[in-house]
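Shown next: entry06.txt, containing compact mmCIF, C-alpha atoms and all ligand atoms.
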```txt
# COMPACT_ATOMS: atom_id res chain seq x y z
CA MET A 1 -125.29 -194.85 -192.26
CA SER A 2 -124.98 -196.80 -188.98
CA VAL A 3 -121.34 -197.86 -189.19
CA TRP A 4 -118.99 -194.93 -188.61
CA PHE A 5 -115.94 -195.88 -190.71
CA PRO A 6 -112.38 -194.79 -189.78
CA TYR A 7 -110.34 -191.90 -191.20
CA THR A 8 -112.88 -191.16 -193.91
CA GLN A 9 -115.04 -188.24 -194.90
CA LEU A 10 -118.13 -190.39 -195.23
CA LYS A 11 -120.12 -187.79 -197.12
CA THR A 12 -117.83 -187.92 -200.13
CA ALA A 13 -116.51 -191.47 -199.85
CA GLU A 14 -117.54 -194.29 -202.14
CA PRO A 15 -119.29 -197.19 -200.36
CA ASN A 16 -116.96 -199.71 -198.71
CA LEU A 17 -116.53 -203.12 -200.32
CA SER A 18 -118.37 -205.73 -198.32
CA ILE A 19 -116.29 -208.80 -197.50
CA GLU A 20 -118.01 -212.12 -197.02
CA THR A 21 -115.10 -214.50 -196.41
CA GLY A 22 -111.33 -214.74 -196.54
CA GLN A 23 -109.13 -217.60 -197.69
CA GLY A 24 -105.33 -217.54 -197.64
CA GLU A 25 -104.26 -214.27 -199.25
CA TYR A 26 -107.73 -213.73 -200.76
CA LEU A 27 -110.60 -211.56 -199.60
CA ILE A 28 -113.90 -212.61 -201.14
CA THR A 29 -116.59 -209.97 -201.51
CA GLN A 30 -120.32 -210.42 -201.15
CA ASN A 31 -120.56 -210.44 -204.94
CA GLY A 32 -118.10 -213.32 -205.06
CA ASP A 33 -115.15 -211.28 -206.39
CA GLN A 34 -111.75 -212.48 -205.21
CA LEU A 35 -109.21 -209.86 -204.25
CA ILE A 36 -105.58 -210.50 -203.33
CA ASP A 37 -105.09 -208.71 -200.02
CA GLY A 38 -101.99 -206.59 -200.68
CA ILE A 39 -101.90 -205.06 -197.19
CA ALA A 40 -102.86 -207.89 -194.81
CA SER A 41 -105.72 -206.02 -193.12
CA TRP A 42 -103.67 -203.11 -191.87
CA TRP A 43 -100.57 -205.32 -191.69
CA CYS A 44 -101.82 -207.78 -189.07
CA ALA A 45 -103.09 -210.81 -191.05
CA ILE A 46 -99.61 -212.31 -191.45
CA HIS A 47 -100.97 -215.82 -192.12
CA GLY A 48 -103.77 -214.62 -194.39
CA TYR A 49 -107.33 -215.68 -193.62
CA ASN A 50 -108.98 -218.82 -192.38
CA HIS A 51 -105.72 -220.51 -191.45
CA PRO A 52 -106.68 -223.99 -190.24
CA ARG A 53 -104.15 -224.07 -187.39
CA LEU A 54 -105.19 -220.66 -186.06
CA ASN A 55 -108.87 -221.58 -186.36
CA MET A 56 -108.20 -224.80 -184.49
CA ALA A 57 -106.27 -223.07 -181.70
CA ILE A 58 -109.00 -220.55 -181.10
CA THR A 59 -111.80 -223.14 -181.23
CA GLU A 60 -110.03 -225.39 -178.76
CA GLN A 61 -109.59 -222.49 -176.35
CA LEU A 62 -113.21 -221.42 -176.93
CA SER A 63 -114.44 -224.75 -175.59
CA LYS A 64 -112.53 -224.16 -172.34
CA ILE A 65 -113.00 -220.47 -171.55
CA SER A 66 -113.10 -217.49 -173.87
CA HIS A 67 -112.39 -214.78 -171.34
CA VAL A 68 -111.49 -214.36 -167.72
CA MET A 69 -110.13 -211.36 -165.82
CA LEU A 70 -106.42 -211.15 -165.07
CA GLY A 71 -106.89 -209.35 -161.75
CA GLY A 72 -106.34 -212.02 -159.11
CA LEU A 73 -106.62 -214.87 -161.67
CA THR A 74 -104.33 -216.36 -164.27
CA HIS A 75 -104.46 -219.08 -166.93
CA ASP A 76 -102.25 -221.31 -169.02
CA PRO A 77 -102.40 -219.44 -172.35
CA VAL A 78 -101.33 -216.11 -170.80
CA GLU A 79 -98.52 -217.72 -168.78
CA LYS A 80 -97.25 -219.60 -171.82
CA LEU A 81 -97.45 -216.61 -174.14
CA ALA A 82 -95.57 -214.36 -171.69
CA LYS A 83 -92.79 -216.98 -171.44
CA LYS A 84 -92.66 -217.39 -175.19
CA LEU A 85 -92.46 -213.63 -175.83
CA VAL A 86 -89.65 -213.28 -173.30
CA GLU A 87 -87.85 -216.11 -175.09
CA ILE A 88 -88.12 -214.69 -178.62
CA THR A 89 -87.74 -210.93 -178.02
CA PRO A 90 -84.31 -209.27 -177.62
CA ASN A 91 -82.27 -210.43 -174.63
CA GLY A 92 -83.11 -208.58 -171.44
CA LEU A 93 -86.83 -208.06 -171.98
CA SER A 94 -88.26 -210.29 -169.30
CA HIS A 95 -91.72 -209.12 -168.17
CA VAL A 96 -94.89 -208.79 -170.24
CA PHE A 97 -97.91 -206.57 -169.67
CA PHE A 98 -100.85 -207.42 -171.96
CA SER A 99 -103.52 -205.14 -173.33
CA ASP A 100 -106.17 -205.17 -176.03
CA SER A 101 -104.72 -202.99 -178.80
CA GLY A 102 -101.50 -201.44 -180.01
CA SER A 103 -102.55 -197.96 -178.90
CA VAL A 104 -103.26 -199.16 -175.38
CA GLY A 105 -99.97 -201.07 -175.42
CA VAL A 106 -98.26 -197.75 -176.18
CA GLU A 107 -100.23 -195.99 -173.40
CA ALA A 108 -99.03 -198.71 -171.02
CA ALA A 109 -95.44 -198.17 -172.20
CA LEU A 110 -95.63 -194.40 -171.62
CA LYS A 111 -97.21 -194.81 -168.18
CA MET A 112 -94.61 -197.45 -167.32
CA ALA A 113 -91.82 -195.01 -168.22
CA TRP A 114 -93.37 -192.21 -166.14
CA GLN A 115 -93.99 -194.39 -163.15
CA PHE A 116 -90.50 -195.91 -163.44
CA TRP A 117 -89.06 -192.49 -162.63
CA LYS A 118 -91.75 -191.56 -160.14
CA ASN A 119 -91.14 -194.77 -158.19
CA GLN A 120 -87.56 -193.54 -157.76
CA ASN A 121 -88.83 -190.23 -156.41
CA ASN A 122 -88.11 -188.42 -159.63
CA SER A 123 -91.28 -186.63 -160.67
CA HIS A 124 -89.55 -184.26 -163.11
CA LYS A 125 -88.98 -186.79 -165.87
CA LYS A 126 -92.32 -186.45 -167.61
CA SER A 127 -91.82 -185.68 -171.28
CA PHE A 128 -90.82 -187.85 -174.21
CA ILE A 129 -88.65 -187.56 -177.29
CA SER A 130 -90.17 -188.81 -180.52
CA LEU A 131 -89.37 -188.75 -184.23
CA GLN A 132 -90.97 -186.62 -186.88
CA HIS A 133 -93.22 -188.80 -189.09
CA SER A 134 -93.85 -191.15 -186.18
CA TYR A 135 -97.17 -192.83 -185.52
CA HIS A 136 -97.89 -194.58 -182.22
CA GLY A 137 -101.67 -194.97 -182.12
CA ASP A 138 -104.95 -193.11 -181.80
CA THR A 139 -105.42 -192.69 -178.05
CA LEU A 140 -104.43 -189.45 -176.32
CA GLY A 141 -101.01 -190.42 -174.99
CA ALA A 142 -100.10 -192.23 -178.20
CA MET A 143 -101.27 -189.27 -180.30
CA SER A 144 -99.16 -186.91 -178.22
CA VAL A 145 -95.99 -188.76 -179.25
CA SER A 146 -97.06 -189.08 -182.90
CA ASP A 147 -95.97 -186.43 -185.41
CA PRO A 148 -98.07 -183.40 -184.44
CA GLU A 149 -98.24 -181.85 -187.90
CA GLU A 150 -98.06 -184.59 -190.46
CA SER A 151 -100.14 -187.32 -188.90
CA MET A 152 -103.88 -187.74 -189.13
CA HIS A 153 -104.03 -186.20 -185.66
CA SER A 154 -103.14 -182.62 -186.54
CA VAL A 155 -106.75 -181.64 -185.84
CA PHE A 156 -106.19 -182.54 -182.18
CA SER A 157 -102.67 -181.18 -181.83
CA ASP A 158 -103.48 -178.39 -179.36
CA LEU A 159 -105.16 -180.84 -176.97
CA PHE A 160 -102.26 -182.81 -175.59
CA PRO A 161 -98.92 -182.22 -173.87
CA LYS A 162 -96.02 -181.08 -176.05
CA HIS A 163 -93.13 -183.48 -176.36
CA HIS A 164 -89.80 -183.12 -178.15
CA PHE A 165 -89.75 -184.07 -181.83
CA ILE A 166 -86.47 -184.60 -183.65
CA THR A 167 -85.64 -185.09 -187.34
CA SER A 168 -86.48 -188.54 -188.63
CA PRO A 169 -83.37 -190.66 -189.32
CA SER A 170 -85.15 -191.62 -192.58
CA GLU A 171 -84.23 -188.13 -193.74
CA ASN A 172 -80.84 -187.61 -192.13
CA THR A 173 -79.26 -190.01 -189.63
CA ASP A 174 -76.51 -187.65 -188.47
CA GLN A 175 -78.89 -184.77 -187.94
CA ALA A 176 -81.30 -187.02 -186.05
CA LEU A 177 -78.49 -188.18 -183.75
CA THR A 178 -77.23 -184.63 -183.20
CA GLN A 179 -80.72 -183.45 -182.33
CA LEU A 180 -81.25 -186.39 -180.00
CA GLU A 181 -78.05 -185.60 -178.15
CA LYS A 182 -78.78 -181.86 -178.02
CA THR A 183 -82.34 -182.40 -176.76
CA LEU A 184 -81.05 -184.67 -174.01
CA GLN A 185 -78.20 -182.31 -173.12
CA ASP A 186 -80.68 -179.47 -172.67
CA HIS A 187 -83.64 -181.32 -171.18
CA HIS A 188 -82.59 -184.72 -169.79
CA GLU A 189 -83.81 -183.77 -166.34
CA THR A 190 -87.37 -183.62 -167.60
CA ILE A 191 -87.27 -186.42 -170.17
CA ALA A 192 -88.63 -189.85 -169.27
CA GLY A 193 -87.93 -191.68 -172.49
CA PHE A 194 -87.42 -191.81 -176.24
CA ILE A 195 -90.18 -193.61 -178.14
CA LEU A 196 -89.55 -194.77 -181.71
CA GLU A 197 -90.64 -197.22 -184.36
CA PRO A 198 -87.41 -199.10 -185.10
CA LEU A 199 -86.23 -199.18 -188.77
CA VAL A 200 -89.62 -198.47 -190.35
CA GLN A 201 -91.94 -195.62 -189.50
CA GLY A 202 -95.30 -197.05 -190.47
CA ALA A 203 -98.44 -194.93 -190.66
CA GLY A 204 -96.28 -191.78 -190.81
CA GLY A 205 -95.41 -192.73 -194.40
CA LEU A 206 -93.54 -196.07 -194.44
CA LYS A 207 -90.16 -194.39 -194.10
CA PHE A 208 -87.06 -196.55 -193.63
CA TYR A 209 -83.85 -195.95 -191.72
CA THR A 210 -80.73 -197.86 -190.74
CA PRO A 211 -79.89 -200.05 -187.72
CA GLU A 212 -76.89 -197.73 -187.06
CA PHE A 213 -79.31 -195.07 -185.81
CA LEU A 214 -80.78 -197.51 -183.30
CA LYS A 215 -77.35 -198.49 -182.02
CA GLU A 216 -76.15 -194.92 -181.59
CA ALA A 217 -79.45 -193.69 -180.16
CA GLN A 218 -79.42 -196.47 -177.58
CA GLN A 219 -75.98 -195.37 -176.43
CA ILE A 220 -76.88 -191.66 -176.28
CA CYS A 221 -80.05 -192.40 -174.31
CA SER A 222 -78.25 -194.51 -171.76
CA ASN A 223 -75.68 -191.71 -171.28
CA TYR A 224 -78.50 -189.36 -170.29
CA ASN A 225 -80.74 -191.63 -168.21
CA CYS A 226 -83.41 -191.72 -170.87
CA LEU A 227 -85.45 -194.90 -171.29
CA THR A 228 -85.89 -196.25 -174.81
CA ILE A 229 -89.27 -197.52 -175.97
CA TYR A 230 -89.44 -199.46 -179.23
CA ASP A 231 -92.90 -199.46 -180.73
CA GLU A 232 -92.74 -202.69 -182.76
CA VAL A 233 -96.50 -202.88 -183.24
CA ALA A 234 -95.99 -202.69 -187.02
CA THR A 235 -92.40 -203.93 -187.38
CA GLY A 236 -92.70 -206.95 -185.06
CA PHE A 237 -93.17 -210.49 -186.34
CA GLY A 238 -91.01 -210.36 -189.40
CA ARG A 239 -92.19 -207.35 -191.36
CA THR A 240 -88.72 -205.80 -191.73
CA GLY A 241 -87.00 -209.11 -192.54
CA THR A 242 -86.01 -210.21 -189.03
CA LEU A 243 -88.36 -211.40 -186.28
CA PHE A 244 -88.10 -207.97 -184.68
CA ALA A 245 -86.56 -204.82 -186.15
CA ALA A 246 -84.42 -204.54 -183.01
CA ASN A 247 -82.63 -207.73 -184.06
CA GLN A 248 -80.98 -205.90 -186.98
CA ALA A 249 -79.28 -203.46 -184.63
CA ASP A 250 -78.75 -206.06 -181.92
CA THR A 251 -80.15 -203.62 -179.37
CA THR A 252 -82.52 -204.14 -176.46
CA PRO A 253 -84.84 -201.27 -175.55
CA ASP A 254 -86.00 -200.76 -171.96
CA ILE A 255 -89.59 -201.21 -173.09
CA MET A 256 -91.01 -202.76 -176.27
CA VAL A 257 -94.57 -202.82 -177.61
CA LEU A 258 -96.02 -205.54 -179.84
CA GLY A 259 -99.45 -205.69 -181.47
CA LYS A 260 -100.89 -206.17 -184.97
CA GLY A 261 -99.20 -209.47 -186.04
CA LEU A 262 -99.07 -210.74 -182.43
CA THR A 263 -102.27 -212.79 -182.82
CA GLY A 264 -101.78 -213.37 -186.54
CA GLY A 265 -104.48 -210.78 -187.03
CA MET A 266 -107.15 -212.94 -185.43
CA ILE A 267 -108.09 -210.78 -182.40
CA GLY A 268 -106.92 -207.42 -181.15
CA HIS A 269 -104.18 -207.82 -178.58
CA ALA A 270 -100.91 -206.19 -177.58
CA ALA A 271 -97.95 -206.80 -175.31
CA THR A 272 -95.72 -204.27 -173.54
CA LEU A 273 -92.44 -205.87 -172.53
CA ALA A 274 -89.96 -204.50 -170.00
CA THR A 275 -86.46 -205.26 -168.76
CA ASN A 276 -85.59 -206.15 -165.18
CA LYS A 277 -84.32 -202.61 -164.69
CA VAL A 278 -87.78 -201.23 -165.42
CA PHE A 279 -89.67 -203.95 -163.59
CA ASP A 280 -87.53 -203.67 -160.46
CA SER A 281 -88.58 -200.07 -159.81
CA PHE A 282 -92.17 -201.35 -159.39
CA TRP A 283 -91.15 -204.27 -157.12
CA SER A 284 -91.65 -202.98 -153.61
CA ASP A 285 -93.57 -203.34 -150.34
CA ASP A 286 -95.30 -200.09 -151.21
CA PRO A 287 -98.68 -200.70 -152.94
CA GLN A 288 -98.40 -197.24 -154.55
CA LYS A 289 -95.44 -198.48 -156.56
CA ALA A 290 -97.47 -201.16 -158.35
CA PHE A 291 -98.10 -200.52 -162.03
CA MET A 292 -101.45 -198.75 -162.17
CA HIS A 293 -103.02 -200.08 -165.33
CA GLY A 294 -105.32 -203.00 -166.18
CA PRO A 295 -107.49 -203.29 -169.29
CA THR A 296 -110.57 -205.52 -168.87
CA PHE A 297 -109.56 -207.79 -171.73
CA MET A 298 -105.85 -207.98 -171.02
CA GLY A 299 -104.42 -211.45 -171.52
CA ASN A 300 -107.65 -212.67 -173.13
CA PRO A 301 -107.35 -216.47 -173.38
CA LEU A 302 -108.51 -216.66 -177.02
CA ALA A 303 -105.98 -214.00 -178.01
CA CYS A 304 -103.16 -215.66 -176.07
CA ALA A 305 -103.93 -219.15 -177.41
CA VAL A 306 -104.04 -217.93 -180.99
CA ALA A 307 -100.89 -215.80 -180.53
CA LEU A 308 -99.01 -218.90 -179.31
CA GLU A 309 -100.17 -220.85 -182.36
CA SER A 310 -99.25 -217.95 -184.65
CA ILE A 311 -95.69 -217.89 -183.27
CA SER A 312 -95.47 -221.65 -183.55
CA ILE A 313 -96.47 -221.53 -187.24
CA PHE A 314 -94.01 -218.67 -187.80
CA GLU A 315 -91.19 -220.79 -186.38
CA SER A 316 -92.07 -224.24 -187.69
CA GLU A 317 -92.78 -223.07 -191.25
CA ASN A 318 -89.69 -220.88 -191.46
CA TYR A 319 -91.47 -217.62 -192.12
CA LEU A 320 -88.21 -215.66 -192.14
CA LYS A 321 -87.37 -217.51 -195.33
CA LYS A 322 -90.78 -216.71 -196.82
CA ILE A 323 -90.20 -213.05 -195.94
CA LYS A 324 -86.75 -213.07 -197.58
CA ASN A 325 -88.40 -214.48 -200.67
CA ILE A 326 -91.07 -211.76 -200.66
CA GLU A 327 -88.30 -209.17 -200.27
CA SER A 328 -86.36 -210.51 -203.24
CA ILE A 329 -89.46 -210.62 -205.47
CA LEU A 330 -90.27 -207.02 -204.47
CA ASN A 331 -86.66 -206.07 -205.19
CA ASN A 332 -86.63 -207.81 -208.58
CA GLU A 333 -90.06 -206.87 -209.84
CA LEU A 334 -90.94 -203.55 -208.18
CA MET A 335 -87.67 -201.72 -207.50
CA GLY A 336 -86.63 -201.13 -211.11
CA PHE A 337 -90.02 -199.74 -212.13
CA ASN A 338 -90.36 -196.08 -212.88
CA HIS A 339 -92.94 -193.66 -214.12
CA PRO A 340 -92.97 -189.83 -214.28
CA SER A 341 -95.50 -189.64 -211.42
CA ILE A 342 -93.32 -191.77 -209.10
CA LYS A 343 -90.93 -190.05 -206.72
CA GLU A 344 -89.37 -193.11 -205.11
CA ILE A 345 -89.77 -196.86 -204.76
CA ARG A 346 -88.36 -198.56 -201.67
CA VAL A 347 -88.34 -202.11 -200.33
CA LYS A 348 -87.50 -203.52 -196.91
CA GLY A 349 -88.49 -207.02 -195.74
CA ALA A 350 -92.08 -207.71 -196.74
CA ILE A 351 -92.79 -204.04 -197.48
CA GLY A 352 -92.81 -202.47 -200.94
CA VAL A 353 -93.59 -198.76 -201.17
CA ILE A 354 -94.34 -196.53 -204.14
CA GLU A 355 -94.15 -192.84 -203.25
CA VAL A 356 -95.70 -190.42 -205.76
CA TYR A 357 -95.49 -186.66 -206.31
CA ASN A 358 -99.21 -186.12 -206.46
CA PRO A 359 -101.37 -188.07 -203.96
CA GLU A 360 -104.56 -187.26 -205.87
CA LYS A 361 -103.64 -189.86 -208.50
CA LEU A 362 -103.67 -192.64 -205.93
CA LYS A 363 -107.44 -192.92 -205.51
CA GLU A 364 -107.82 -193.75 -209.20
CA ILE A 365 -104.93 -196.22 -209.01
CA GLN A 366 -106.60 -197.91 -206.04
CA ASN A 367 -109.89 -198.24 -207.95
CA GLN A 368 -108.14 -199.72 -210.97
CA ALA A 369 -106.22 -202.16 -208.78
CA ILE A 370 -109.44 -203.36 -207.18
CA LYS A 371 -110.98 -203.90 -210.63
CA GLN A 372 -107.97 -206.06 -211.50
CA GLY A 373 -108.26 -208.11 -208.33
CA LEU A 374 -105.93 -206.43 -205.82
CA TRP A 375 -106.93 -204.83 -202.53
CA VAL A 376 -104.65 -201.91 -201.64
CA ARG A 377 -105.36 -198.70 -199.74
CA PRO A 378 -103.09 -195.71 -200.27
CA PHE A 379 -102.45 -193.08 -197.63
CA GLY A 380 -100.67 -189.75 -197.88
CA ASN A 381 -98.50 -189.88 -200.99
CA ILE A 382 -97.83 -193.61 -200.95
CA ILE A 383 -99.37 -196.81 -202.20
CA TYR A 384 -97.75 -199.98 -200.92
CA LEU A 385 -97.72 -203.75 -200.56
CA MET A 386 -97.43 -205.42 -197.14
CA PRO A 387 -98.94 -208.80 -197.99
CA PRO A 388 -99.65 -211.79 -195.76
CA TYR A 389 -96.45 -213.86 -195.60
CA ILE A 390 -98.28 -216.91 -196.99
CA ILE A 391 -98.91 -215.19 -200.32
CA SER A 392 -97.90 -217.41 -203.26
CA GLU A 393 -95.07 -216.22 -205.52
CA GLU A 394 -97.55 -216.09 -208.41
CA ASN A 395 -99.95 -213.86 -206.53
CA LEU A 396 -97.20 -211.57 -205.26
CA SER A 397 -95.95 -211.15 -208.82
CA LYS A 398 -99.52 -210.58 -209.94
CA ALA A 399 -100.04 -207.91 -207.25
CA ILE A 400 -96.85 -206.12 -208.35
CA TYR A 401 -97.87 -206.41 -212.00
CA ILE A 402 -101.32 -204.95 -211.28
CA LEU A 403 -99.85 -201.99 -209.39
CA LYS A 404 -97.36 -201.21 -212.16
CA ASN A 405 -100.07 -201.65 -214.77
CA CYS A 406 -102.28 -199.13 -212.92
CA PHE A 407 -99.52 -196.54 -213.33
CA THR A 408 -98.82 -197.17 -217.00
CA SER A 409 -102.32 -197.73 -218.38
C1 LIG A 501 -101.07 -199.67 -185.68
C2 LIG A 501 -100.04 -199.10 -184.79
C3 LIG A 501 -100.34 -198.72 -183.46
C4 LIG A 501 -101.74 -198.78 -182.91
O1 LIG A 501 -102.27 -200.06 -182.83
P1 LIG A 501 -103.85 -200.27 -182.73
O2 LIG A 501 -104.00 -201.74 -182.52
O3 LIG A 501 -104.43 -199.77 -184.01
O4 LIG A 501 -104.32 -199.47 -181.57
C5 LIG A 501 -99.32 -198.27 -182.67
N1 LIG A 501 -98.05 -198.15 -183.14
C6 LIG A 501 -97.73 -198.51 -184.39
C7 LIG A 501 -96.31 -198.39 -184.84
C8 LIG A 501 -98.72 -198.96 -185.28
O5 LIG A 501 -98.39 -199.28 -186.53
```

Before we go any further, please render this structure as structure tokens.
Amino acid sequence: MSVWFPYTQLKTAEPNLSIETGQGEYLITQNGDQLIDGIASWWCAIHGYNHPRLNMAITEQLSKISHVMLGGLTHDPVEKLAKKLVEITPNGLSHVFFSDSGSVGVEAALKMAWQFWKNQNNSHKKSFISLQHSYHGDTLGAMSVSDPEESMHSVFSDLFPKHHFITSPSENTDQALTQLEKTLQDHHETIAGFILEPLVQGAGGLKFYTPEFLKEAQQICSNYNCLTIYDEVATGFGRTGTLFAANQADTTPDIMVLGKGLTGGMIGHAATLATNKVFDSFWSDDPQKAFMHGPTFMGNPLACAVALESISIFESENYLKKIKNIESILNNELMGFNHPSIKEIRVKGAIGVIEVYNPEKLKEIQNQAIKQGLWVRPFGNIIYLMPPYIISEENLSKAIYILKNCFTS
């Protein structure tokens, strides 16, 4: 076996399905089977596959230059994308640092928060607060702020620095707020920031919580000189029903990370945005105060060109309306379903989650779904739909029907 596949015990796993092409919401296998993609390639393919406008944007850029370094050089697509992101993200975020994946975007955010304090001669503020059930990526820094016990990283948990984990607001908002305040009361002198996935905790189990938590948390953090970092890698670009999850609380974090849907799923890329307050602590005559980070492929022209086109499609084709429609179909056709093996069903934006008591059942449900023409991939004790936003109403209903059918048959 030459390809080392992710998160899988390869010895016992069934062979992966081989995909030949993609079209709209369909994945087409080498055998010619068509599968509705229920999870948008790990949530990033928001326009589905083979979108003519995205293809065109990337081909046009390809004929000019596909990559050039951002050290000492710049180019139109990166300049335009930075401006556009500043325009569409919450008010106050005004500077954009690019990188090649969500995890690296999170690393950049953590380093930015550290160096923010260090540049002000405060080298004590080094640790972070994070939520239980959080997931922020697979690299070392990102793993260290992801749930140490419940995530797929528990095998590495004694390798990285210990941060402060508080109750997830998805379980108890008041307790989460109390713990946040208490942790800051006791440790604010050593805490650089609070990193969180706003409204939806993704790979930690698709757990939802309310905008009120974000509002209150923002206030508590500012009382204790604690930066806030919103990891919107999964929630950004409409997934929770608004362009960004932050919009629902009307809050602006000090730092925000975007990835996944940023390029419409066409190429790996991420953006770490910061406010003037953060940026200004790096602005100095002292070269040591410059931000010390710079991935080779940051601001890749193909990625930037396709990201701009993706945002333009999102805006011109009123994707927020499409997402509302997906949400109401999920609410109407999935929410009321029940079965003795199901613990809870929840819906937010273009996310529909079925949580079960016994995760062992899910493998069989996945196999049945694939046989009936739906690609889904359960993790932990959930199986879920996070489809491309372009999915037709018929196919969304069909995907929901297949999932329900897998439980009852
Ligand atoms: C997927 C994800 C990441 C990591 O992004 P990669 O591109 O896989 O490195 C970080 N944070 C959140 C919330 C994610 O969902």

Could you list the protein, DNA and RNA residues that have any atom within 9 Å of ligand LIG 501 (chain A), counting all atoms listed in the file, and write them as JSON, numbers by chain? {"A": [42, 43, 44, 100, 101, 102, 103, 104, 105, 106, 134, 135, 136, 137, 138, 139, 142, 196, 197, 198, 200, 201, 202, 203, 204, 230, 231, 232, 233, 234, 235, 257, 258, 259, 260, 268, 269, 270]}

So that I can check the surroundings of Ile354 in chain A, please list as an mmCIF file with C-alpha atoms, in the coordinates of the input every protein, DNA and RNA residue that reaches within 12 Å of it, counting all atoms listed in the file and ignoring chain neighbours fewer than 5 positions away.
```cif
data_model
loop_
_atom_site.group_PDB
_atom_site.id
_atom_site.type_symbol
_atom_site.label_atom_id
_atom_site.label_comp_id
_atom_site.auth_asym_id
_atom_site.auth_seq_id
_atom_site.Cartn_x
_atom_site.Cartn_y
_atom_site.Cartn_z
ATOM 1 C CA GLY A 205 -95.410 -192.730 -194.400
ATOM 2 C CA LEU A 206 -93.540 -196.070 -194.440
ATOM 3 C CA LYS A 207 -90.160 -194.390 -194.100
ATOM 4 C CA LEU A 330 -90.270 -207.020 -204.470
ATOM 5 C CA LEU A 334 -90.940 -203.550 -208.180
ATOM 6 C CA MET A 335 -87.670 -201.720 -207.500
ATOM 7 C CA GLY A 336 -86.630 -201.130 -211.110
ATOM 8 C CA PHE A 337 -90.020 -199.740 -212.130
ATOM 9 C CA ASN A 338 -90.360 -196.080 -212.880
ATOM 10 C CA HIS A 339 -92.940 -193.660 -214.120
ATOM 11 C CA SER A 341 -95.500 -189.640 -211.420
ATOM 12 C CA ILE A 342 -93.320 -191.770 -209.100
ATOM 13 C CA LYS A 343 -90.930 -190.050 -206.720
ATOM 14 C CA GLU A 344 -89.370 -193.110 -205.110
ATOM 15 C CA ILE A 345 -89.770 -196.860 -204.760
ATOM 16 C CA ARG A 346 -88.360 -198.560 -201.670
ATOM 17 C CA VAL A 347 -88.340 -202.110 -200.330
ATOM 18 C CA PRO A 359 -101.370 -188.070 -203.960
ATOM 19 C CA LEU A 362 -103.670 -192.640 -205.930
ATOM 20 C CA ILE A 365 -104.930 -196.220 -209.010
ATOM 21 C CA VAL A 376 -104.650 -201.910 -201.640
ATOM 22 C CA PRO A 378 -103.090 -195.710 -200.270
ATOM 23 C CA PHE A 379 -102.450 -193.080 -197.630
ATOM 24 C CA GLY A 380 -100.670 -189.750 -197.880
ATOM 25 C CA ASN A 381 -98.500 -189.880 -200.990
ATOM 26 C CA ILE A 382 -97.830 -193.610 -200.950
ATOM 27 C CA ILE A 383 -99.370 -196.810 -202.200
ATOM 28 C CA TYR A 384 -97.750 -199.980 -200.920
ATOM 29 C CA LEU A 385 -97.720 -203.750 -200.560
ATOM 30 C CA MET A 386 -97.430 -205.420 -197.140
ATOM 31 C CA ILE A 400 -96.850 -206.120 -208.350
ATOM 32 C CA LEU A 403 -99.850 -201.990 -209.390
ATOM 33 C CA LYS A 404 -97.360 -201.210 -212.160
ATOM 34 C CA PHE A 407 -99.520 -196.540 -213.330
#
```

CA of Ile351 in chain A sits from CA of Gln366 in chain A at a separation of 17.4 Å

Which protein, DNA or RNA residues have an atom at most 7 Å from (-91.9, -195.6, -170.2), counting all atoms listed in the file? List them as a list in words.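 Those residues, ordered by chain and then number, are Ala109, Leu110, Lys111, Met112, Ala113, Trp114, Phe116, Ala192, Gly193, Leu227, Ile229 and Ile255 of chain A.
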
Between CA of Leu17 in chain A and CA of Ala45 in chain A, distance in Å (one decimal):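 CA of Ala45 in chain A lies at a distance of 18.0 Å from CA of Leu17 in chain A.
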
In Å, how far is it from CA of Glu14 in chain A to CA of Ala399 in chain A?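 So the two atoms, CA of Glu14 in chain A and CA of Ala399 in chain A, lie 22.8 Å apart.
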